[in-house]
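Data file: my_file_10.cif. Format and content: mmCIF, C-alpha atoms and all ligand atoms.
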```cif
data_start
#
loop_
_atom_site.label_atom_id
_atom_site.label_comp_id
_atom_site.auth_asym_id
_atom_site.auth_seq_id
_atom_site.Cartn_x
_atom_site.Cartn_y
_atom_site.Cartn_z
CA MET A 1 -66.04 39.72 43.56
CA MET A 2 -68.40 39.56 46.60
CA PRO A 3 -70.48 42.80 46.58
CA LYS A 4 -70.30 45.22 49.55
CA MET A 5 -73.95 46.18 49.18
CA VAL A 6 -76.90 44.14 47.99
CA ARG A 7 -80.27 45.46 46.85
CA ILE A 8 -83.07 43.19 48.05
CA VAL A 9 -86.29 43.10 46.04
CA ASP A 10 -89.12 41.78 48.21
CA VAL A 11 -91.46 39.96 45.89
CA GLY A 12 -93.67 38.74 48.75
CA PRO A 13 -96.76 40.86 48.02
CA ARG A 14 -96.80 39.44 44.45
CA ASP A 15 -94.93 36.11 44.23
CA GLY A 16 -95.64 35.43 47.91
CA LEU A 17 -99.37 35.94 47.77
CA GLN A 18 -100.28 34.96 44.19
CA ASN A 19 -100.47 31.27 45.08
CA GLU A 20 -102.66 31.68 48.17
CA ALA A 21 -105.95 29.89 47.64
CA ALA A 22 -107.99 31.98 50.09
CA LEU A 23 -108.45 35.60 49.12
CA VAL A 24 -106.13 37.83 51.15
CA PRO A 25 -107.94 41.02 52.22
CA LEU A 26 -107.00 44.18 50.34
CA SER A 27 -106.10 45.93 53.60
CA ALA A 28 -103.62 43.16 54.50
CA LYS A 29 -101.92 43.42 51.10
CA ILE A 30 -101.56 47.18 51.47
CA LYS A 31 -100.26 46.89 55.04
CA LEU A 32 -97.71 44.27 53.96
CA ILE A 33 -96.31 46.50 51.20
CA GLU A 34 -96.15 49.52 53.52
CA ASN A 35 -94.51 47.47 56.29
CA LEU A 36 -91.85 46.16 53.91
CA ALA A 37 -91.06 49.64 52.62
CA ASP A 38 -90.89 50.89 56.24
CA ALA A 39 -88.46 48.06 56.98
CA GLY A 40 -86.08 49.58 54.42
CA LEU A 41 -86.70 47.29 51.46
CA PRO A 42 -85.71 49.45 48.48
CA VAL A 43 -87.96 47.56 46.06
CA VAL A 44 -91.30 45.93 46.89
CA GLU A 45 -93.09 44.07 44.10
CA ALA A 46 -96.62 45.27 44.67
CA GLY A 47 -98.83 43.12 42.44
CA SER A 48 -99.51 41.89 38.95
CA PHE A 49 -101.79 42.87 36.08
CA VAL A 50 -102.43 39.41 34.68
CA SER A 51 -105.74 37.76 33.87
CA PRO A 52 -107.87 37.41 37.02
CA LYS A 53 -109.09 34.10 35.61
CA TRP A 54 -105.52 32.80 35.68
CA VAL A 55 -104.45 34.30 39.01
CA PRO A 56 -107.52 35.34 41.03
CA GLN A 57 -105.47 36.45 44.05
CA MET A 58 -103.96 39.33 42.04
CA ALA A 59 -107.33 40.60 40.74
CA ASP A 60 -107.22 43.59 43.11
CA SER A 61 -103.72 44.82 42.16
CA ALA A 62 -105.15 48.03 40.70
CA GLU A 63 -106.70 48.89 44.05
CA VAL A 64 -103.56 47.86 45.91
CA VAL A 65 -101.26 50.14 43.91
CA ALA A 66 -103.78 52.97 44.03
CA LYS A 67 -104.08 52.84 47.81
CA ILE A 68 -100.56 52.18 49.13
CA LYS A 69 -98.75 55.06 50.80
CA ARG A 70 -95.55 55.37 48.81
CA ARG A 71 -92.12 56.20 50.14
CA PRO A 72 -90.09 58.30 47.71
CA SER A 73 -87.04 56.07 48.14
CA THR A 74 -88.91 52.82 47.39
CA ARG A 75 -89.79 51.36 43.99
CA TYR A 76 -93.02 49.41 43.56
CA PRO A 77 -92.78 47.26 40.39
CA VAL A 78 -95.73 45.28 39.07
CA LEU A 79 -95.80 42.21 36.80
CA ILE A 80 -97.09 42.87 33.27
CA PRO A 81 -97.78 40.12 30.68
CA ASN A 82 -99.12 42.17 27.76
CA MET A 83 -100.45 45.58 26.61
CA LYS A 84 -103.77 45.02 28.35
CA GLY A 85 -101.90 44.62 31.62
CA LEU A 86 -99.78 47.71 31.03
CA GLU A 87 -102.81 49.84 30.16
CA ALA A 88 -104.57 48.67 33.34
CA ALA A 89 -101.49 49.44 35.45
CA LEU A 90 -101.09 52.92 33.95
CA ALA A 91 -104.77 53.66 34.59
CA ALA A 92 -104.53 52.54 38.21
CA ALA A 93 -101.67 54.54 39.71
CA PRO A 94 -98.23 56.01 39.03
CA VAL A 95 -95.98 53.25 37.70
CA ASP A 96 -92.24 53.47 38.45
CA GLU A 97 -91.23 50.01 37.27
CA ILE A 98 -92.77 47.05 35.47
CA ALA A 99 -91.59 43.48 35.17
CA ILE A 100 -92.19 41.44 32.05
CA PHE A 101 -91.73 37.70 32.43
CA ALA A 102 -90.40 35.18 29.97
CA ALA A 103 -89.18 31.61 30.40
CA ALA A 104 -86.17 29.57 29.36
CA SER A 105 -88.47 26.56 28.82
CA GLU A 106 -91.08 26.35 26.04
CA THR A 107 -93.50 24.20 28.04
CA PHE A 108 -93.39 26.50 31.05
CA SER A 109 -94.01 29.49 28.78
CA GLN A 110 -97.10 27.76 27.36
CA ARG A 111 -98.44 26.75 30.76
CA ASN A 112 -97.72 30.06 32.46
CA ILE A 113 -98.64 32.63 29.83
CA ASN A 114 -100.32 30.55 27.14
CA CYS A 115 -97.83 31.24 24.36
CA SER A 116 -94.42 30.22 23.04
CA ILE A 117 -91.23 32.05 24.02
CA ASP A 118 -91.15 33.78 20.61
CA GLU A 119 -94.80 34.84 20.92
CA SER A 120 -94.13 36.18 24.40
CA PHE A 121 -91.44 38.47 22.96
CA GLU A 122 -93.89 39.68 20.31
CA ARG A 123 -96.20 40.71 23.18
CA PHE A 124 -93.41 42.25 25.25
CA GLY A 125 -92.11 44.44 22.36
CA PRO A 126 -94.86 47.08 22.48
CA VAL A 127 -95.06 46.84 26.29
CA ALA A 128 -91.35 47.63 26.59
CA LYS A 129 -91.59 50.43 24.05
CA MET A 130 -94.47 52.15 25.80
CA ALA A 131 -92.95 51.72 29.27
CA LEU A 132 -89.57 53.10 28.19
CA SER A 133 -91.17 56.03 26.34
CA ARG A 134 -92.79 57.01 29.67
CA GLY A 135 -89.58 56.69 31.64
CA ILE A 136 -90.75 53.54 33.43
CA ARG A 137 -87.95 51.22 34.51
CA LEU A 138 -88.14 47.85 32.82
CA ARG A 139 -87.28 44.60 34.59
CA GLY A 140 -87.35 41.17 32.95
CA TYR A 141 -87.69 37.75 34.48
CA VAL A 142 -86.36 34.53 33.01
CA SER A 143 -88.17 31.59 34.61
CA CYS A 144 -86.87 28.03 34.83
CA VAL A 145 -83.19 28.98 34.56
CA LEU A 146 -82.14 25.91 36.56
CA GLY A 147 -84.86 23.48 35.56
CA CYS A 148 -88.46 23.23 34.41
CA PRO A 149 -91.34 21.48 36.19
CA TYR A 150 -92.43 20.01 32.84
CA GLU A 151 -89.22 19.55 30.82
CA GLY A 152 -86.68 18.90 33.58
CA HIS A 153 -83.19 19.97 32.52
CA VAL A 154 -82.78 23.46 31.05
CA ALA A 155 -79.50 24.26 29.31
CA PRO A 156 -77.65 27.28 30.77
CA ASN A 157 -77.46 28.66 27.24
CA SER A 158 -81.29 28.74 26.96
CA ALA A 159 -81.40 30.97 30.05
CA ALA A 160 -78.64 33.13 28.56
CA GLN A 161 -80.45 33.53 25.20
CA VAL A 162 -83.68 34.67 26.86
CA ALA A 163 -81.78 37.03 29.17
CA LEU A 164 -80.14 38.59 26.11
CA ARG A 165 -83.51 39.04 24.39
CA LEU A 166 -84.81 40.85 27.49
CA LEU A 167 -81.72 43.06 27.53
CA ASP A 168 -82.31 43.88 23.86
CA LEU A 169 -85.86 45.00 24.72
CA GLY A 170 -84.38 47.55 27.11
CA CYS A 171 -84.53 45.79 30.48
CA ALA A 172 -82.40 47.56 33.06
CA GLU A 173 -82.35 44.43 35.18
CA ILE A 174 -82.85 40.75 34.45
CA SER A 175 -83.94 38.47 37.22
CA LEU A 176 -82.93 34.83 36.90
CA GLY A 177 -85.71 32.65 38.27
CA ASP A 178 -85.15 29.20 39.70
CA THR A 179 -88.91 28.80 39.63
CA THR A 180 -89.05 25.40 41.30
CA GLY A 181 -85.93 25.75 43.44
CA VAL A 182 -84.29 22.64 41.97
CA GLY A 183 -80.88 24.24 41.42
CA THR A 184 -77.73 23.48 43.39
CA PRO A 185 -74.71 25.80 43.76
CA LEU A 186 -72.44 24.50 40.98
CA LYS A 187 -75.35 24.47 38.54
CA ALA A 188 -76.23 28.03 39.59
CA ILE A 189 -72.62 29.05 38.93
CA ASP A 190 -72.61 27.40 35.47
CA MET A 191 -75.88 29.12 34.58
CA VAL A 192 -74.71 32.58 35.72
CA ASN A 193 -71.40 32.10 33.90
CA ALA A 194 -73.35 31.33 30.70
CA VAL A 195 -75.60 34.38 31.18
CA THR A 196 -72.73 36.78 31.91
CA LYS A 197 -71.22 35.94 28.51
CA LYS A 198 -74.18 37.91 27.12
CA VAL A 199 -75.42 40.21 29.92
CA SER A 200 -73.15 41.99 32.36
CA VAL A 201 -73.38 40.80 35.95
CA GLY A 202 -74.34 44.30 37.14
CA LYS A 203 -77.69 43.90 35.36
CA LEU A 204 -78.58 40.56 36.93
CA ALA A 205 -80.71 39.59 39.91
CA ALA A 206 -81.12 36.17 41.50
CA HIS A 207 -84.69 34.98 42.10
CA PHE A 208 -84.41 31.63 43.81
CA HIS A 209 -87.30 29.64 45.19
CA ASP A 210 -86.45 27.42 48.14
CA THR A 211 -88.40 24.23 47.45
CA TRP A 212 -85.37 21.99 47.93
CA GLY A 213 -83.67 24.07 50.64
CA GLN A 214 -80.89 25.19 48.29
CA ALA A 215 -81.65 28.87 47.86
CA LEU A 216 -79.22 30.37 50.40
CA ALA A 217 -76.40 28.13 49.19
CA ASN A 218 -77.18 29.06 45.59
CA LEU A 219 -77.27 32.73 46.51
CA TYR A 220 -73.90 32.53 48.23
CA ALA A 221 -72.50 30.91 45.09
CA VAL A 222 -73.77 33.63 42.75
CA LEU A 223 -72.87 36.48 45.14
CA ASN A 224 -69.31 35.28 44.65
CA LEU A 225 -69.77 35.89 40.92
CA GLY A 226 -70.77 39.50 41.62
CA ILE A 227 -74.58 39.37 41.57
CA SER A 228 -75.74 42.16 43.85
CA VAL A 229 -79.53 42.13 43.51
CA ILE A 230 -81.50 39.42 45.30
CA ASP A 231 -85.23 38.72 45.09
CA SER A 232 -86.72 37.24 48.23
CA SER A 233 -90.10 36.94 49.85
CA VAL A 234 -90.90 38.00 53.39
CA SER A 235 -91.34 34.92 55.53
CA GLY A 236 -90.62 32.69 52.51
CA LEU A 237 -94.18 33.05 51.25
CA GLY A 238 -95.22 31.97 47.82
CA GLY A 239 -94.80 29.93 44.70
CA CYS A 240 -95.97 30.02 41.12
CA PRO A 241 -99.45 28.63 40.40
CA TYR A 242 -98.13 27.22 37.11
CA ALA A 243 -95.11 25.46 38.66
CA PRO A 244 -96.66 22.55 40.54
CA GLY A 245 -95.02 21.83 43.88
CA ALA A 246 -92.88 24.97 43.89
CA ALA A 247 -92.41 26.54 47.31
CA GLY A 248 -91.89 30.20 48.09
CA ASN A 249 -88.87 32.33 47.39
CA VAL A 250 -86.00 32.30 49.80
CA ALA A 251 -87.14 34.21 52.91
CA THR A 252 -86.14 37.86 53.11
CA GLU A 253 -85.31 37.50 56.81
CA ASP A 254 -82.85 34.65 56.07
CA VAL A 255 -81.20 36.60 53.26
CA VAL A 256 -80.83 39.72 55.41
CA TYR A 257 -79.36 37.69 58.30
CA MET A 258 -76.86 35.97 55.99
CA LEU A 259 -75.80 39.17 54.23
CA HIS A 260 -75.43 41.23 57.42
CA GLY A 261 -73.48 38.34 58.95
CA MET A 262 -71.05 38.60 56.02
CA GLY A 263 -70.72 42.38 56.48
CA ILE A 264 -72.77 43.12 53.34
CA GLU A 265 -75.08 46.14 53.65
CA THR A 266 -78.73 46.00 52.62
CA GLY A 267 -80.36 48.97 54.37
CA VAL A 268 -83.01 46.56 55.68
CA ASP A 269 -84.03 46.46 59.34
CA LEU A 270 -84.20 42.75 60.18
CA ALA A 271 -86.49 43.16 63.20
CA LYS A 272 -88.96 45.21 61.17
CA VAL A 273 -89.05 42.82 58.23
CA ALA A 274 -89.58 39.91 60.64
CA ALA A 275 -92.46 41.83 62.22
CA ALA A 276 -93.97 42.37 58.75
CA GLY A 277 -93.66 38.62 58.18
CA ARG A 278 -95.37 37.78 61.48
CA GLU A 279 -98.23 40.15 60.68
CA ILE A 280 -99.00 38.68 57.23
CA CYS A 281 -98.58 35.14 58.58
CA LEU A 282 -101.25 35.90 61.21
CA VAL A 283 -103.59 36.91 58.40
CA LEU A 284 -102.75 33.72 56.49
CA GLY A 285 -103.07 31.61 59.62
CA ARG A 286 -99.61 30.07 59.52
CA LYS A 287 -96.17 30.31 61.09
CA PRO A 288 -93.37 32.20 59.33
CA LEU A 289 -91.30 29.76 57.26
CA SER A 290 -88.14 31.80 57.70
CA ARG A 291 -85.68 30.08 60.04
CA THR A 292 -84.28 33.49 61.00
CA ALA A 293 -87.78 34.72 61.89
CA GLN A 294 -88.31 31.61 64.01
CA ALA A 295 -84.95 32.08 65.77
CA LEU A 296 -85.72 35.75 66.47
CA GLN A 297 -89.06 34.79 67.94
CA ALA A 298 -87.52 32.07 70.12
CA GLN A 299 -84.93 34.59 71.36
CA SER A 300 -87.54 37.20 72.21
CA SER A 301 -89.70 34.73 74.14
CA LYS A 302 -86.77 33.60 76.38
P1 LIG B 1 -104.72 34.29 27.30
O1 LIG B 1 -105.96 33.59 27.73
O2 LIG B 1 -103.84 33.60 26.31
O3 LIG B 1 -105.01 35.78 26.80
O4 LIG B 1 -103.87 34.61 28.60
P2 LIG B 1 -105.93 36.40 25.73
O5 LIG B 1 -105.23 37.60 25.23
O6 LIG B 1 -106.39 35.35 24.75
O7 LIG B 1 -107.19 36.89 26.58
C1 LIG B 1 -108.08 35.96 27.21
C2 LIG B 1 -108.87 36.68 28.29
O8 LIG B 1 -107.99 37.20 29.28
C3 LIG B 1 -109.66 37.89 27.79
O9 LIG B 1 -110.79 38.02 28.63
C4 LIG B 1 -108.72 39.02 28.06
O10 LIG B 1 -109.38 40.25 28.18
C5 LIG B 1 -108.11 38.63 29.38
P3 LIG B 1 -112.23 37.41 28.23
O11 LIG B 1 -112.54 38.01 26.89
O12 LIG B 1 -112.04 35.92 28.16
O13 LIG B 1 -113.08 37.86 29.35
N1 LIG B 1 -106.79 39.21 29.61
C6 LIG B 1 -106.48 39.96 30.67
N2 LIG B 1 -107.19 40.37 31.74
C7 LIG B 1 -106.58 41.15 32.63
N3 LIG B 1 -105.29 41.53 32.52
C8 LIG B 1 -104.54 41.15 31.48
C9 LIG B 1 -105.14 40.33 30.50
N4 LIG B 1 -104.68 39.79 29.35
C10 LIG B 1 -105.70 39.10 28.82
N5 LIG B 1 -103.27 41.54 31.40
C11 LIG B 1 -102.23 35.78 29.90
C12 LIG B 1 -102.60 35.22 28.52
C13 LIG B 1 -100.78 36.13 29.90
C14 LIG B 1 -103.08 36.98 30.18
C15 LIG B 1 -102.54 34.67 30.95
O14 LIG B 1 -101.90 33.50 30.56
C16 LIG B 1 -102.13 35.05 32.33
O15 LIG B 1 -102.66 35.98 32.92
N6 LIG B 1 -101.18 34.31 32.91
C17 LIG B 1 -100.77 34.61 34.28
C18 LIG B 1 -99.49 34.01 34.56
C19 LIG B 1 -99.02 34.39 35.93
O16 LIG B 1 -99.37 35.43 36.49
N7 LIG B 1 -98.18 33.49 36.50
C20 LIG B 1 -97.59 33.74 37.75
C21 LIG B 1 -96.54 34.82 37.67
S1 LIG B 1 -95.03 34.30 36.88
C22 LIG B 1 -94.07 33.68 38.16
O17 LIG B 1 -94.54 33.53 39.27
C23 LIG B 1 -92.62 33.41 37.90
C24 LIG B 1 -91.71 34.51 38.45
O18 LIG B 1 -91.91 34.67 39.86
C25 LIG B 1 -90.24 34.16 38.19
C26 LIG B 1 -89.86 32.74 38.64
O19 LIG B 1 -90.08 32.39 39.80
O20 LIG B 1 -89.35 32.03 37.78
C27 LIG B 1 -91.97 35.86 37.79
MG MG B 2 -91.03 33.44 41.37
#
```
Would you mind writing the file's structure down as structure tokens?
Amino acid sequence: MMPKMVRIVDVGPRDGLQNEAALVPLSAKIKLIENLADAGLPVVEAGSFVSPKWVPQMADSAEVVAKIKRRPSTRYPVLIPNMKGLEAALAAAPVDEIAIFAAASETFSQRNINCSIDESFERFGPVAKMALSRGIRLRGYVSCVLGCPYEGHVAPNSAAQVALRLLDLGCAEISLGDTTGVGTPLKAIDMVNAVTKKVSVGKLAAHFHDTWGQALANLYAVLNLGISVIDSSVSGLGGCPYAPGAAGNVATEDVVYMLHGMGIETGVDLAKVAAAGREICLVLGRKPLSRTAQALQAQSSK
């Protein structure tokens, strides 16, 4: 069942940066997106059109998407919570893909988007309809598929139900978010097995944060079930502002190294993505978290 090719979605410019307290300069955001696309990432999540009061770091997403140089072979999805967000995105620049985001946990839904799961689907309905009518690809996230920072355990079937509701709205792809990175491989397998009873594996992506150091192991487990789209963040940047203590996504460099080591193609140039990571880390004033990036750097300074 292991796929021969994996599509990597780099969510670094959105998930990676949204939690940064200090404002990241617009030029650095644009450069990061362009560097990732140049490194061969087929999908680069470019920003989000949420309330700037809730996530100040993403307040300049309209400028970001208006100013990036786009490669024809790359998609640049943006996160959209409601019609106001979609209208702002459409006014800013061409939109090829949007991502709506729901949760498998009621409390997380309330804390993250200020409404219940049912209410969130009432908001997403018209968003999905308008996006699809304009030929915009629709992606859906399910947060907290392996646990919730407020409720703890989340039943695999709750993740499956929300994934099915996103599919019914017309999502071409559903990304399963281990928002706080609490999952372990057998739990990840149980969750994906529950979801694939309702949504075919070809429509699923794995979006695993690495707070507990389990993300690569969890990815290996779900690759074996046939998942062939992986979300990762360059240099392991990020976290969700409404998931206290959550670290970044699994690092893109580590995912690329693992996949290429297993003979799985990604189309991503590891050296270039590591260089993109070093550049944004210089701006942020920290070292890349990716172990692969660190190993590459140690090798080059020998
Ligand atoms: P609300 O306060 O309930 O919304 O927020 P509202 O409709 O009552 O509006 C209140 C104010 O927000 C109004 O402004 C609206 O105009 C404005 P005011 O009159 O007070 O000046 N507003 C907006 N402004 C700009 N863009 C918009 C927008 N909508 C309303 N789209 C809302 C509801 C969803 C907007 C809010 O809760 C929000 O923005 N939440 C952000 C959540 C977020 O971005 N979280 C991080 C991303 S999710 C994540 O990281 C998880 C993921 O990675 C997967 C995983 O790891 O699991 C995807
Ligand atoms: Mg996330």
- Which polymer residues have any atom within 12 Å of an atom of Ala271 of chain A, counting only C-alpha atoms, with same-chain residues fewer than 3 positions away left out, as a PyMOL selection string? chain A and resi 35-36+38-40+234+252-254+256-257+268+274-278+292-297+299-300
- Message: Around ligand LIG 1 (chain B), which protein and nucleic acid residues have at least one atom no more than 6 Å from it, if we count all atoms listed in the file? List them as a PyMOL selection string.
- Response: chain A and resi 15+49-52+54-55+81-82+84-85+101+112-114+141+143-144+177-179+240
- Go ahead and compute the interatomic distance for atom CA of Ile189 of chain A and atom CA of Pro156 of chain A, in Å to one decimal. 9.7 Å
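If you measure from each of A:Leu282, A:Ile98, A:Ile80, A:Ile30 to Val65 of chain A using only C-alpha atoms, the closest one turns out to be A:Ile30.
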- Message: Could you check the closest approach to Phe208 of chain A for each of A:Val24, A:Ile230, A:Leu166, A:Leu284 and tell me which residue wins, using only C-alpha atoms?
- Response: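 Checking each of A:Val24, A:Ile230, A:Leu166, A:Leu284 against Phe208 of chain A, counting only C-alpha atoms, the winner is A:Ile230.
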- With distances taken over all atoms listed in the file, which of A:Leu167, A:Val255, A:Val145, A:Met191 is nearest to ligand MG 2 (chain B)?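 That would be A:Val145, the residue with the smallest distance to ligand MG 2 (chain B).
Taking atom CA of Pro77 of chain A as the reference point, atom CA of Ala205 of chain A is found at 14.3 Å.
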- Can you tell me which residues come within 10 Å of ligand MG 2 (chain B) when counting all atoms listed in the file, ideally as number ranges by chain? A: 11-12, 14-16, 18, 101, 141-144, 175-181, 207-209, 231-233, 238-241, 243, 246-250
- Work out how far atom CA of Gly226 of chain A is from atom CA of Met1 of chain A, in Å to one decimal.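 Pair atom CA of Met1 of chain A / atom CA of Gly226 of chain A returns 5.1 Å.
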- Residue contacts of Lys29 of chain A (9 Å, all atoms listed in the file) excluding same-chain residues fewer than 5 positions away, as JSON, numbers by chain: {"A": [13, 17, 24, 34, 46, 64, 280]}
Okay, now the selection with C-alpha atoms, as an mmCIF file, keeping the file's coordinate frame?
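Result file follows (result.cif):
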```
data_model
loop_
_atom_site.group_PDB
_atom_site.id
_atom_site.type_symbol
_atom_site.label_atom_id
_atom_site.label_comp_id
_atom_site.auth_asym_id
_atom_site.auth_seq_id
_atom_site.Cartn_x
_atom_site.Cartn_y
_atom_site.Cartn_z
ATOM 1 C CA PRO A 13 -96.760 40.860 48.020
ATOM 2 C CA LEU A 17 -99.370 35.940 47.770
ATOM 3 C CA VAL A 24 -106.130 37.830 51.150
ATOM 4 C CA GLU A 34 -96.150 49.520 53.520
ATOM 5 C CA ALA A 46 -96.620 45.270 44.670
ATOM 6 C CA VAL A 64 -103.560 47.860 45.910
ATOM 7 C CA ILE A 280 -99.000 38.680 57.230
#
```
Which neighbours of Val43 of chain A fall inside 6 Å, counting all atoms listed in the file, when residues of the same chain fewer than 2 positions from it are skipped, and could you give them as an mmCIF file with C-alpha atoms, in the coordinates of the input?
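result_24.cif, written as the output of this step:
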```
data_model
loop_
_atom_site.group_PDB
_atom_site.id
_atom_site.type_symbol
_atom_site.label_atom_id
_atom_site.label_comp_id
_atom_site.auth_asym_id
_atom_site.auth_seq_id
_atom_site.Cartn_x
_atom_site.Cartn_y
_atom_site.Cartn_z
ATOM 1 C CA VAL A 9 -86.290 43.100 46.040
ATOM 2 C CA LEU A 41 -86.700 47.290 51.460
ATOM 3 C CA THR A 74 -88.910 52.820 47.390
ATOM 4 C CA ARG A 75 -89.790 51.360 43.990
ATOM 5 C CA TYR A 76 -93.020 49.410 43.560
#
```
- Which of these, A:Leu86, A:Leu259, A:Val154, A:Leu146, has the shortest distance to Arg7 of chain A once you count only C-alpha atoms?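 Among the listed residues, A:Leu259 lies closest to Arg7 of chain A.
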- Looking at A:Val201, A:Ala298, A:Leu90, A:Ala131, which one is nearest to Ile227 of chain A, with distances taken over all atoms listed in the file? A:Val201
- Task: Could you please give me, as number ranges by chain, the residues of protein, DNA or RNA lying at most 12 Å from (-70.4, 38.0, 49.2) in the coordinate frame of the file, considering only C-alpha atoms?
- Result: A: 1-6, 216-230, 255, 258-265
Report, as JSON, the axis-aligned box around all atoms of segment 215-226 of chain A present in the file, extended by 8 Å on each side; give centre and edge lengths in Å to one decimal place.
```
{"center_x": -75.5, "center_y": 33.8, "center_z": 45.7, "size_x": 28.3, "size_y": 27.4, "size_z": 25.5}
```
- Task: Dump as a ChimeraX atom specification all residues having an atom at most 10 Å from (-76.9, 21.1, 45.3), computed in the file's coordinates with all atoms listed in the file.
- Result: /A:182-188,212-215,217-218
- Message: Restricting the calculation to all atoms listed in the file: of A:Val199, A:Asn193, A:Ser133, A:Ala21, which residue gets closest to Leu164 of chain A?
- Response: A:Val199
